[in-house]
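Asker: One file: input_39.cif (mmCIF, C-alpha atoms (C1' of nucleotides)).
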data_final
loop_
_atom_site.label_atom_id
_atom_site.label_comp_id
_atom_site.auth_asym_id
_atom_site.auth_seq_id
_atom_site.Cartn_x
_atom_site.Cartn_y
_atom_site.Cartn_z
CA MET A 1 244.88 72.82 78.59
CA ALA A 2 247.17 70.02 79.68
CA ARG A 3 249.42 70.33 82.68
CA THR A 4 253.18 70.35 82.22
CA PRO A 5 254.53 66.95 83.28
CA ARG A 6 256.84 67.04 86.30
CA PRO A 7 258.95 64.32 87.83
CA GLY A 8 257.45 63.18 91.10
CA LEU A 9 253.89 63.71 89.96
CA PRO A 10 251.54 61.46 88.00
CA VAL A 11 251.60 62.00 84.25
CA ARG A 12 249.57 60.77 81.31
CA GLY A 13 249.67 57.00 81.41
CA SER A 14 251.67 56.55 84.60
CA ARG A 15 251.04 57.34 88.23
CA THR A 16 254.47 56.33 89.52
CA GLY A 17 255.96 59.81 89.19
CA ARG A 18 259.23 58.33 87.97
CA PRO A 19 261.36 60.93 86.18
CA ILE A 20 261.62 58.90 82.99
CA MET A 21 257.84 58.78 82.77
CA ALA A 22 257.57 62.53 83.15
CA LEU A 23 260.29 62.96 80.56
CA MET A 24 258.51 60.64 78.12
CA ASP A 25 255.28 62.53 78.60
CA LEU A 26 256.99 65.87 78.10
CA LEU A 27 259.06 64.90 75.06
CA GLY A 28 256.38 62.65 73.64
CA ARG A 29 254.12 65.60 72.93
CA ARG A 30 254.04 66.74 69.38
CA TRP A 31 256.93 69.00 68.31
CA ALA A 32 258.63 68.94 71.71
CA LEU A 33 261.73 67.02 70.61
CA ARG A 34 261.77 68.83 67.30
CA VAL A 35 261.79 72.25 68.93
CA ILE A 36 264.76 71.31 71.09
CA TRP A 37 266.49 69.83 68.08
CA GLU A 38 266.06 72.97 65.99
CA LEU A 39 267.62 75.07 68.74
CA ARG A 40 270.79 72.95 68.84
CA ASP A 41 272.83 75.50 66.84
CA GLY A 42 271.71 78.67 68.58
CA ARG A 43 268.81 80.85 69.54
CA LEU A 44 265.80 81.37 67.29
CA THR A 45 262.87 83.74 67.37
CA PHE A 46 259.33 82.48 67.66
CA ARG A 47 258.71 82.80 63.93
CA ALA A 48 262.11 81.44 62.92
CA LEU A 49 261.42 78.44 65.12
CA GLN A 50 258.01 78.09 63.57
CA ASP A 51 259.55 78.02 60.09
CA ALA A 52 262.28 75.60 61.14
CA CYS A 53 259.58 73.22 62.30
CA GLY A 54 257.88 73.28 58.93
CA GLY A 55 255.15 75.74 59.81
CA VAL A 56 253.86 74.32 63.06
CA SER A 57 250.81 76.20 64.27
CA PRO A 58 251.59 78.99 66.74
CA THR A 59 249.04 77.57 69.16
CA VAL A 60 250.94 74.36 69.67
CA LEU A 61 254.36 75.93 69.39
CA ASN A 62 253.56 78.41 72.11
CA GLU A 63 252.24 75.65 74.34
CA ARG A 64 255.37 73.53 73.83
CA LEU A 65 257.60 76.53 74.49
CA ARG A 66 255.79 77.17 77.73
CA GLU A 67 256.09 73.55 78.83
CA LEU A 68 259.75 73.34 77.91
CA ARG A 69 260.49 76.58 79.73
CA GLU A 70 258.67 75.33 82.80
CA SER A 71 260.78 72.21 82.55
CA GLY A 72 264.00 74.16 82.58
CA LEU A 73 265.10 73.05 79.12
CA LEU A 74 264.49 76.33 77.29
CA ASP A 75 264.69 79.98 78.18
CA ALA A 76 263.27 83.05 76.50
CA ASP A 77 264.86 86.41 75.95
CA GLY A 78 262.72 89.18 74.53
CA ALA A 79 265.47 90.31 72.19
CA VAL A 80 267.08 87.09 71.02
CA GLY A 81 264.12 84.72 71.12
CA TYR A 82 264.37 81.20 72.47
CA GLY A 83 267.36 79.07 73.29
CA LEU A 84 268.51 76.03 75.21
CA THR A 85 269.44 76.19 78.87
CA PRO A 86 272.45 74.21 80.13
CA LEU A 87 269.95 71.54 81.12
CA GLY A 88 268.54 71.55 77.62
CA ARG A 89 272.02 71.11 76.19
CA GLU A 90 272.55 68.14 78.47
CA LEU A 91 269.39 66.58 77.10
CA ILE A 92 270.61 66.97 73.54
CA GLU A 93 273.95 65.44 74.44
CA HIS A 94 272.23 62.39 75.88
CA ALA A 95 269.85 62.12 72.96
CA LEU A 96 272.55 62.23 70.30
CA PRO A 97 273.12 58.44 70.31
CA LEU A 98 269.55 58.11 69.10
CA VAL A 99 270.22 60.39 66.14
CA THR A 100 273.19 58.28 65.13
CA TRP A 101 271.31 55.06 65.66
CA SER A 102 268.37 56.23 63.55
CA ALA A 103 270.62 55.91 60.50
CA ARG A 104 271.27 52.26 61.36
CA TRP A 105 267.55 51.77 61.84
CA ALA A 106 266.85 53.31 58.45
CA ALA A 107 269.41 51.03 56.81
CA ALA A 108 267.97 47.95 58.51
CA LEU A 109 264.47 48.85 57.41
CA THR A 110 265.50 49.45 53.82
CA ARG A 111 267.48 46.24 53.58
CA GLY A 112 264.70 44.34 55.31
CA ARG A 113 262.00 44.92 52.70
CA GLY A 114 260.42 41.69 51.56
CA THR A 115 261.16 39.79 54.75
CA PRO A 116 258.63 41.30 57.13
CA ARG A 117 259.11 39.08 60.13
CA SER A 118 256.32 37.20 61.80
CA SER A 119 253.10 39.07 62.37
CA ARG A 120 250.98 36.32 63.87
CA MET B 121 244.22 56.27 60.03
CA ALA B 122 247.76 57.58 60.08
CA ARG B 123 250.53 56.04 58.04
CA THR B 124 253.51 54.46 59.78
CA PRO B 125 256.46 56.84 59.53
CA ARG B 126 259.39 55.52 57.50
CA PRO B 127 262.88 56.90 57.00
CA GLY B 128 263.24 58.28 53.50
CA LEU B 129 259.65 59.44 53.30
CA PRO B 130 258.02 62.66 54.49
CA VAL B 131 256.56 62.46 57.99
CA ARG B 132 254.39 64.69 60.11
CA GLY B 133 256.16 68.03 60.34
CA SER B 134 259.10 67.29 58.09
CA ARG B 135 259.48 66.52 54.42
CA THR B 136 263.20 65.84 54.48
CA GLY B 137 262.82 62.11 55.07
CA ARG B 138 265.76 62.13 57.44
CA PRO B 139 265.78 59.04 59.65
CA ILE B 140 265.78 61.00 62.89
CA MET B 141 262.60 62.78 61.81
CA ALA B 142 260.87 59.49 61.06
CA LEU B 143 262.06 58.14 64.39
CA MET B 144 260.75 61.19 66.23
CA ASP B 145 257.40 60.86 64.53
CA LEU B 146 257.20 57.16 65.33
CA LEU B 147 258.31 57.37 68.95
CA GLY B 148 256.56 60.66 69.55
CA ARG B 149 253.16 59.03 69.22
CA ARG B 150 251.36 58.29 72.43
CA TRP B 151 252.49 55.10 74.20
CA ALA B 152 255.09 54.18 71.60
CA LEU B 153 258.13 54.64 73.84
CA ARG B 154 256.25 53.26 76.81
CA VAL B 155 255.36 50.04 75.00
CA ILE B 156 258.99 49.46 74.07
CA TRP B 157 260.04 50.28 77.61
CA GLU B 158 257.62 47.80 79.15
CA LEU B 159 258.97 45.03 76.93
CA ARG B 160 262.54 45.56 78.11
CA ASP B 161 262.46 42.56 80.45
CA GLY B 162 260.77 40.06 78.17
CA ARG B 163 257.74 39.26 76.11
CA LEU B 164 254.23 40.26 77.15
CA THR B 165 250.78 39.37 75.87
CA PHE B 166 248.49 42.01 74.50
CA ARG B 167 246.54 42.28 77.72
CA ALA B 168 249.61 42.14 79.95
CA LEU B 169 251.09 44.95 77.92
CA GLN B 170 247.87 46.85 78.24
CA ASP B 171 247.98 46.52 82.02
CA ALA B 172 251.67 47.43 82.17
CA CYS B 173 250.83 50.65 80.36
CA GLY B 174 248.23 51.58 82.92
CA GLY B 175 245.18 50.48 80.99
CA VAL B 176 245.81 52.04 77.60
CA SER B 177 242.87 51.56 75.26
CA PRO B 178 243.20 48.54 73.01
CA THR B 179 242.50 50.70 69.99
CA VAL B 180 245.64 52.77 70.41
CA LEU B 181 247.73 49.90 71.71
CA ASN B 182 246.94 47.81 68.68
CA GLU B 183 247.77 50.67 66.38
CA ARG B 184 251.11 51.28 68.10
CA LEU B 185 251.92 47.58 67.99
CA ARG B 186 251.25 47.54 64.28
CA GLU B 187 253.43 50.59 63.67
CA LEU B 188 256.26 49.26 65.79
CA ARG B 189 256.11 45.89 64.07
CA GLU B 190 256.18 47.57 60.68
CA SER B 191 259.20 49.48 61.90
CA GLY B 192 261.05 46.34 62.81
CA LEU B 193 261.27 47.12 66.52
CA LEU B 194 258.73 44.58 67.74
CA ASP B 195 257.63 41.15 66.69
CA ALA B 196 254.55 39.12 67.52
CA ASP B 197 254.23 35.47 68.30
CA GLY B 198 250.80 34.00 68.67
CA ALA B 199 251.79 31.99 71.71
CA VAL B 200 254.11 34.29 73.63
CA GLY B 201 252.69 37.68 72.71
CA TYR B 202 254.87 40.63 71.83
CA GLY B 203 258.58 41.21 72.26
CA LEU B 204 261.51 43.30 71.10
CA THR B 205 263.46 42.46 67.99
CA PRO B 206 267.25 42.82 68.00
CA LEU B 207 266.67 46.23 66.43
CA GLY B 208 264.28 47.11 69.24
CA ARG B 209 266.89 46.11 71.80
CA GLU B 210 269.40 48.36 70.09
CA LEU B 211 266.96 51.23 70.42
CA ILE B 212 266.59 50.64 74.14
CA GLU B 213 270.35 50.49 74.56
CA HIS B 214 270.75 53.85 72.87
CA ALA B 215 267.90 55.36 74.84
CA LEU B 216 269.22 54.29 78.23
CA PRO B 217 271.36 57.43 78.71
CA LEU B 218 268.11 59.38 78.69
CA VAL B 219 266.71 57.29 81.51
CA THR B 220 269.75 57.99 83.63
CA TRP B 221 269.74 61.64 82.75
CA SER B 222 266.07 62.03 83.62
CA ALA B 223 267.05 61.60 87.28
CA ARG B 224 269.46 64.52 86.97
CA TRP B 225 266.75 66.52 85.30
CA ALA B 226 264.34 65.73 88.12
CA ALA B 227 266.90 66.82 90.69
CA ALA B 228 267.61 70.06 88.85
CA LEU B 229 263.92 70.85 88.62
CA THR B 230 263.31 70.18 92.28
CA ARG B 231 266.26 72.25 93.41
CA GLY B 232 265.34 74.99 90.98
CA ARG B 233 261.96 75.85 92.50
CA GLY B 234 261.64 79.54 93.30
CA THR B 235 264.09 80.75 90.69
CA PRO B 236 262.08 80.34 87.51
CA ARG B 237 264.36 81.94 84.99
CA SER B 238 263.31 84.69 82.56
CA SER B 239 260.03 84.18 80.79
CA ARG B 240 259.75 87.47 78.96
"C1'" DC C 241 253.75 112.20 63.46
"C1'" DG C 242 253.03 107.74 60.84
"C1'" DG C 243 253.97 103.96 58.40
"C1'" DG C 244 256.35 99.52 58.10
"C1'" DA C 245 258.47 95.58 59.73
"C1'" DG C 246 259.72 92.91 63.27
"C1'" DT C 247 258.57 90.72 67.87
"C1'" DG C 248 255.47 87.27 70.83
"C1'" DC C 249 251.14 85.59 71.13
"C1'" DT C 250 245.74 84.82 71.14
"C1'" DA C 251 241.16 83.49 69.00
"C1'" DT C 252 238.64 80.62 66.30
"C1'" DC C 253 237.28 76.45 64.25
"C1'" DA C 254 238.08 72.07 61.52
"C1'" DT C 255 240.60 67.80 61.74
"C1'" DT C 256 243.05 64.20 63.87
"C1'" DT C 257 244.22 61.48 67.59
"C1'" DC C 258 243.26 59.36 71.86
"C1'" DG C 259 240.39 57.38 75.75
"C1'" DG C 260 236.83 54.21 77.60
"C1'" DT C 261 233.63 50.59 77.18
"C1'" DA C 262 231.65 46.69 75.10
"C1'" DG C 263 232.03 42.81 72.66
"C1'" DC C 264 233.48 39.32 68.92
"C1'" DA C 265 236.19 35.27 66.98
"C1'" DG C 266 239.56 31.75 67.77
"C1'" DC C 267 241.83 28.20 70.55
"C1'" DG C 268 243.03 24.88 74.24
"C1'" DA C 269 241.79 22.67 78.47
"C1'" DT C 270 238.32 20.82 81.41
"C1'" DA D 271 229.91 22.84 75.94
"C1'" DT D 272 231.64 26.06 78.91
"C1'" DC D 273 235.38 28.38 80.80
"C1'" DG D 274 239.32 31.20 80.30
"C1'" DC D 275 242.62 32.94 77.74
"C1'" DT D 276 244.33 34.98 73.34
"C1'" DG D 277 244.30 39.12 69.84
"C1'" DC D 278 241.53 42.46 68.20
"C1'" DT D 279 237.44 45.58 66.31
"C1'" DA D 280 233.35 48.93 66.79
"C1'" DC D 281 231.58 52.72 68.69
"C1'" DC D 282 231.55 57.35 70.41
"C1'" DG D 283 232.87 61.20 73.37
"C1'" DA D 284 237.02 63.83 74.85
"C1'" DA D 285 241.29 65.85 74.10
"C1'" DA D 286 245.13 67.30 71.29
"C1'" DT D 287 246.61 69.23 67.10
"C1'" DG D 288 246.46 71.92 62.52
"C1'" DA D 289 245.38 76.07 59.91
"C1'" DT D 290 244.26 80.80 59.39
"C1'" DA D 291 243.58 85.43 60.84
"C1'" DG D 292 244.79 88.98 63.48
"C1'" DC D 293 246.08 91.75 67.83
"C1'" DA D 294 249.42 94.41 70.88
"C1'" DC D 295 253.86 95.90 71.35
"C1'" DT D 296 258.53 97.83 69.99
"C1'" DC D 297 261.83 99.70 67.11
"C1'" DC D 298 263.31 102.28 63.17
"C1'" DC D 299 263.09 105.40 59.37
"C1'" DG D 300 261.11 109.20 57.16
#
Can I see the file as structure tokens?
Answerer:
Amino acid sequence: MARTPRPGLPVRGSRTGRPIMALMDLLGRRWALRVIWELRDGRLTFRALQDACGGVSPTVLNERLRELRESGLLDADGAVGYGLTPLGRELIEHALPLVTWSARWAAALTRGRGTPRSSR
Amino acid sequence: MARTPRPGLPVRGSRTGRPIMALMDLLGRRWALRVIWELRDGRLTFRALQDACGGVSPTVLNERLRELRESGLLDADGAVGYGLTPLGRELIEHALPLVTWSARWAAALTRGRGTPRSSR
DNA sequence: CGGGAGTGCTATCATTTCGGTAGCAGCGAT
DNA sequence: ATCGCTGCTACCGAAATGATAGCACTCCCG
């Protein structure tokens, strides 16, 4: 089982320990960003979260939840399931520009069909 | 071999085709964000890029480069190697808040040792 | 008591992705 | 023609992920 990436320590693909590298490693793992995204409107139970993520396998979901909790982005409450911590909300705030931009990206890609710029 | 995620089409873990889902799938793959990040200061050759990413295997690097080119974020020039397209630069601009925030996250994590909030 | 339905979570195994090494083909300069 | 650089492919073992089944626990209702 993989270790939860932490700023200040080496992570997959980088030994510098720079926070952004740890963050990339953490959020780059499958379903990590998606889980956070699905919790943006409130708490969800394990199974509700699983459904929201299109039926992700419980193995991986549980592993991501553990990592994200260890990273201070999520918390768990036996009764109400999982939710974002204040830190997790901050992350979403700072990631929102990307959501907006993705629409521009989609438009550019759609318009750009037929002129696939140089590829050697 | 996996298909390059495109807005408007189903991607891994989501059939909605929403741009943000395609973007998450694309950038969530190993080394994708890192490759873009390493090109922030100018063009790099294949091997220079490989070194910058801490010796990523050429197999994966080549696959990421192909995906990112197909996504309009990177371009390739036989002489000067790989570089960001205007679209790729836009992505970096919109991702910069995350880089800044990652320092805050690191600080919060370091301070927070010893009070690991509820985990069931 | 005794289902039944909800909770979080584990076990198992196939599939996919990634990592690490070696090496090829092309090109320009020496 | 040999060197050094370029991008890139083949191969195979390791690691991550996907899919399914099912367990332990709690609460509630009869």
Asker: Quick check, in Å to one decimal: how far apart do CA of Gly54 in chain A and C1' of DT290 in chain D lie?
Answerer: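 Atom-to-atom, CA of Gly54 in chain A to C1' of DT290 in chain D, that is 15.6 Å.
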Asker: Using the chain letters and numbers from the file, give me the residues hit by the PyMOL selection byres ((chain A) within 8 of (chain B)), as a ChimeraX atom specification.
Answerer: /A:6-8,13-14,19-20,23-24,27-30,33-34,53-56,69-72,75-78,87,91,94-95,97-99,101-103,105-106,109,116-120
Asker: Can you work out the spacing between CA of Asn62 in chain A and CA of Leu49 in chain A in Å, to one decimal?
Answerer: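 Those two atoms sit 10.5 Å apart.
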Asker: Which residues of chain C sit at most 10 Å from chain A, using only C-alpha atoms (C1' of nucleotides)? Give each one's shortest atom pair and distance in Å (one decimal place), in chain and ascending residue order, as CSV.
Answerer:
residue,atom,partner,partner_atom,distance
C:DT247,C1',A:Gly78,CA,8.0
C:DG248,C1',A:Phe46,CA,6.9
C:DC249,C1',A:Asn62,CA,7.6
C:DT250,C1',A:Thr59,CA,8.2
C:DA251,C1',A:Thr59,CA,9.9
Asker: Using C1' of DA285 in chain D and CA of Arg123 in chain B as the two end points, give the distance in Å to one decimal.
Answerer: 21.0 Å
Asker: Identify all residues satisfying the PyMOL selection byres ((chain D) within 10 of (chain A)) in the given file; provide them as JSON, numbers by chain.
Answerer: {"D": [277, 285, 286, 287, 288, 289, 290]}
Asker: Report the residues retrieved by the PyMOL selection byres ((chain C and resi 265) around 10) from the displayed file, expressed as a ChimeraX atom specification.
Answerer: /C:264,266-267 /D:277-278
Asker: Dig up all the protein and nucleic acid residues within 12 Å of (231.7, 49.9, 67.7) in the file frame, using only C-alpha atoms (C1' of nucleotides), and format them as a JSON list (two decimals) with C-alpha atoms (C1' of nucleotides), in the coordinates of the input.
Answerer:
[["chain", "number", "residue", "atom", "x", "y", "z"],
["B", 179, "THR", "CA", 242.50, 50.70, 69.99],
["C", 260, "DG", "C1'", 236.83, 54.21, 77.60],
["C", 261, "DT", "C1'", 233.63, 50.59, 77.18],
["C", 262, "DA", "C1'", 231.65, 46.69, 75.10],
["C", 263, "DG", "C1'", 232.03, 42.81, 72.66],
["C", 264, "DC", "C1'", 233.48, 39.32, 68.92],
["D", 279, "DT", "C1'", 237.44, 45.58, 66.31],
["D", 280, "DA", "C1'", 233.35, 48.93, 66.79],
["D", 281, "DC", "C1'", 231.58, 52.72, 68.69],
["D", 282, "DC", "C1'", 231.55, 57.35, 70.41]]
Asker: Need to verify the contact set: DG244 in chain C, 12 Å, all atoms listed in the file, exclusion of same-chain residues closer than 5 positions in sequence. Can you return it as number ranges by chain?
Answerer: D: 297-300
Asker: For range 25-49 of chain A, supply N, CA and C atoms and report the output as a compact mmCIF listing (two decimals), in the coordinates of the input.
Answerer:
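Result file follows (result_2.txt):
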# COMPACT_ATOMS: atom_id res chain seq x y z
N ASP A 25 256.51 61.78 78.83
CA ASP A 25 255.28 62.53 78.60
C ASP A 25 255.60 63.89 78.00
N LEU A 26 256.61 64.54 78.58
CA LEU A 26 256.99 65.87 78.10
C LEU A 26 257.49 65.83 76.66
N LEU A 27 258.43 64.95 76.38
CA LEU A 27 259.06 64.90 75.06
C LEU A 27 258.21 64.16 74.05
N GLY A 28 257.24 63.39 74.54
CA GLY A 28 256.38 62.65 73.64
C GLY A 28 255.33 63.54 72.99
N ARG A 29 255.11 64.72 73.54
CA ARG A 29 254.12 65.60 72.93
C ARG A 29 254.64 66.14 71.62
N ARG A 30 253.69 66.36 70.74
CA ARG A 30 254.04 66.74 69.38
C ARG A 30 254.94 67.97 69.33
N TRP A 31 256.02 67.91 68.60
CA TRP A 31 256.93 69.00 68.31
C TRP A 31 257.92 69.27 69.44
N ALA A 32 257.77 68.64 70.58
CA ALA A 32 258.63 68.94 71.71
C ALA A 32 260.09 68.64 71.36
N LEU A 33 260.36 67.39 70.95
CA LEU A 33 261.73 67.02 70.61
C LEU A 33 262.24 67.86 69.44
N ARG A 34 261.36 68.09 68.49
CA ARG A 34 261.77 68.83 67.30
C ARG A 34 262.21 70.25 67.64
N VAL A 35 261.45 70.89 68.53
CA VAL A 35 261.79 72.25 68.93
C VAL A 35 263.18 72.29 69.54
N ILE A 36 263.44 71.37 70.46
CA ILE A 36 264.76 71.31 71.09
C ILE A 36 265.84 71.08 70.04
N TRP A 37 265.53 70.16 69.12
CA TRP A 37 266.49 69.83 68.08
C TRP A 37 266.83 71.04 67.21
N GLU A 38 265.84 71.83 66.89
CA GLU A 38 266.06 72.97 65.99
C GLU A 38 266.83 74.09 66.68
N LEU A 39 266.89 74.04 68.00
CA LEU A 39 267.62 75.07 68.74
C LEU A 39 269.06 74.64 69.04
N ARG A 40 269.47 73.50 68.48
CA ARG A 40 270.79 72.95 68.84
C ARG A 40 271.93 73.87 68.41
N ASP A 41 271.73 74.68 67.35
CA ASP A 41 272.83 75.50 66.84
C ASP A 41 272.74 76.95 67.27
N GLY A 42 271.79 77.29 68.13
CA GLY A 42 271.71 78.67 68.58
C GLY A 42 270.28 79.13 68.77
N ARG A 43 270.13 80.33 69.23
CA ARG A 43 268.81 80.85 69.54
C ARG A 43 268.01 81.15 68.28
N LEU A 44 266.70 81.04 68.40
CA LEU A 44 265.80 81.37 67.29
C LEU A 44 264.62 82.17 67.83
N THR A 45 264.09 83.03 67.00
CA THR A 45 262.87 83.74 67.37
C THR A 45 261.68 82.82 67.20
N PHE A 46 260.56 83.27 67.74
CA PHE A 46 259.33 82.48 67.66
C PHE A 46 259.03 82.09 66.21
N ARG A 47 259.07 83.08 65.33
CA ARG A 47 258.71 82.80 63.93
C ARG A 47 259.78 81.97 63.23
N ALA A 48 261.03 82.23 63.52
CA ALA A 48 262.11 81.44 62.92
C ALA A 48 261.96 79.98 63.34
N LEU A 49 261.62 79.79 64.59
CA LEU A 49 261.42 78.44 65.12
C LEU A 49 260.23 77.78 64.44
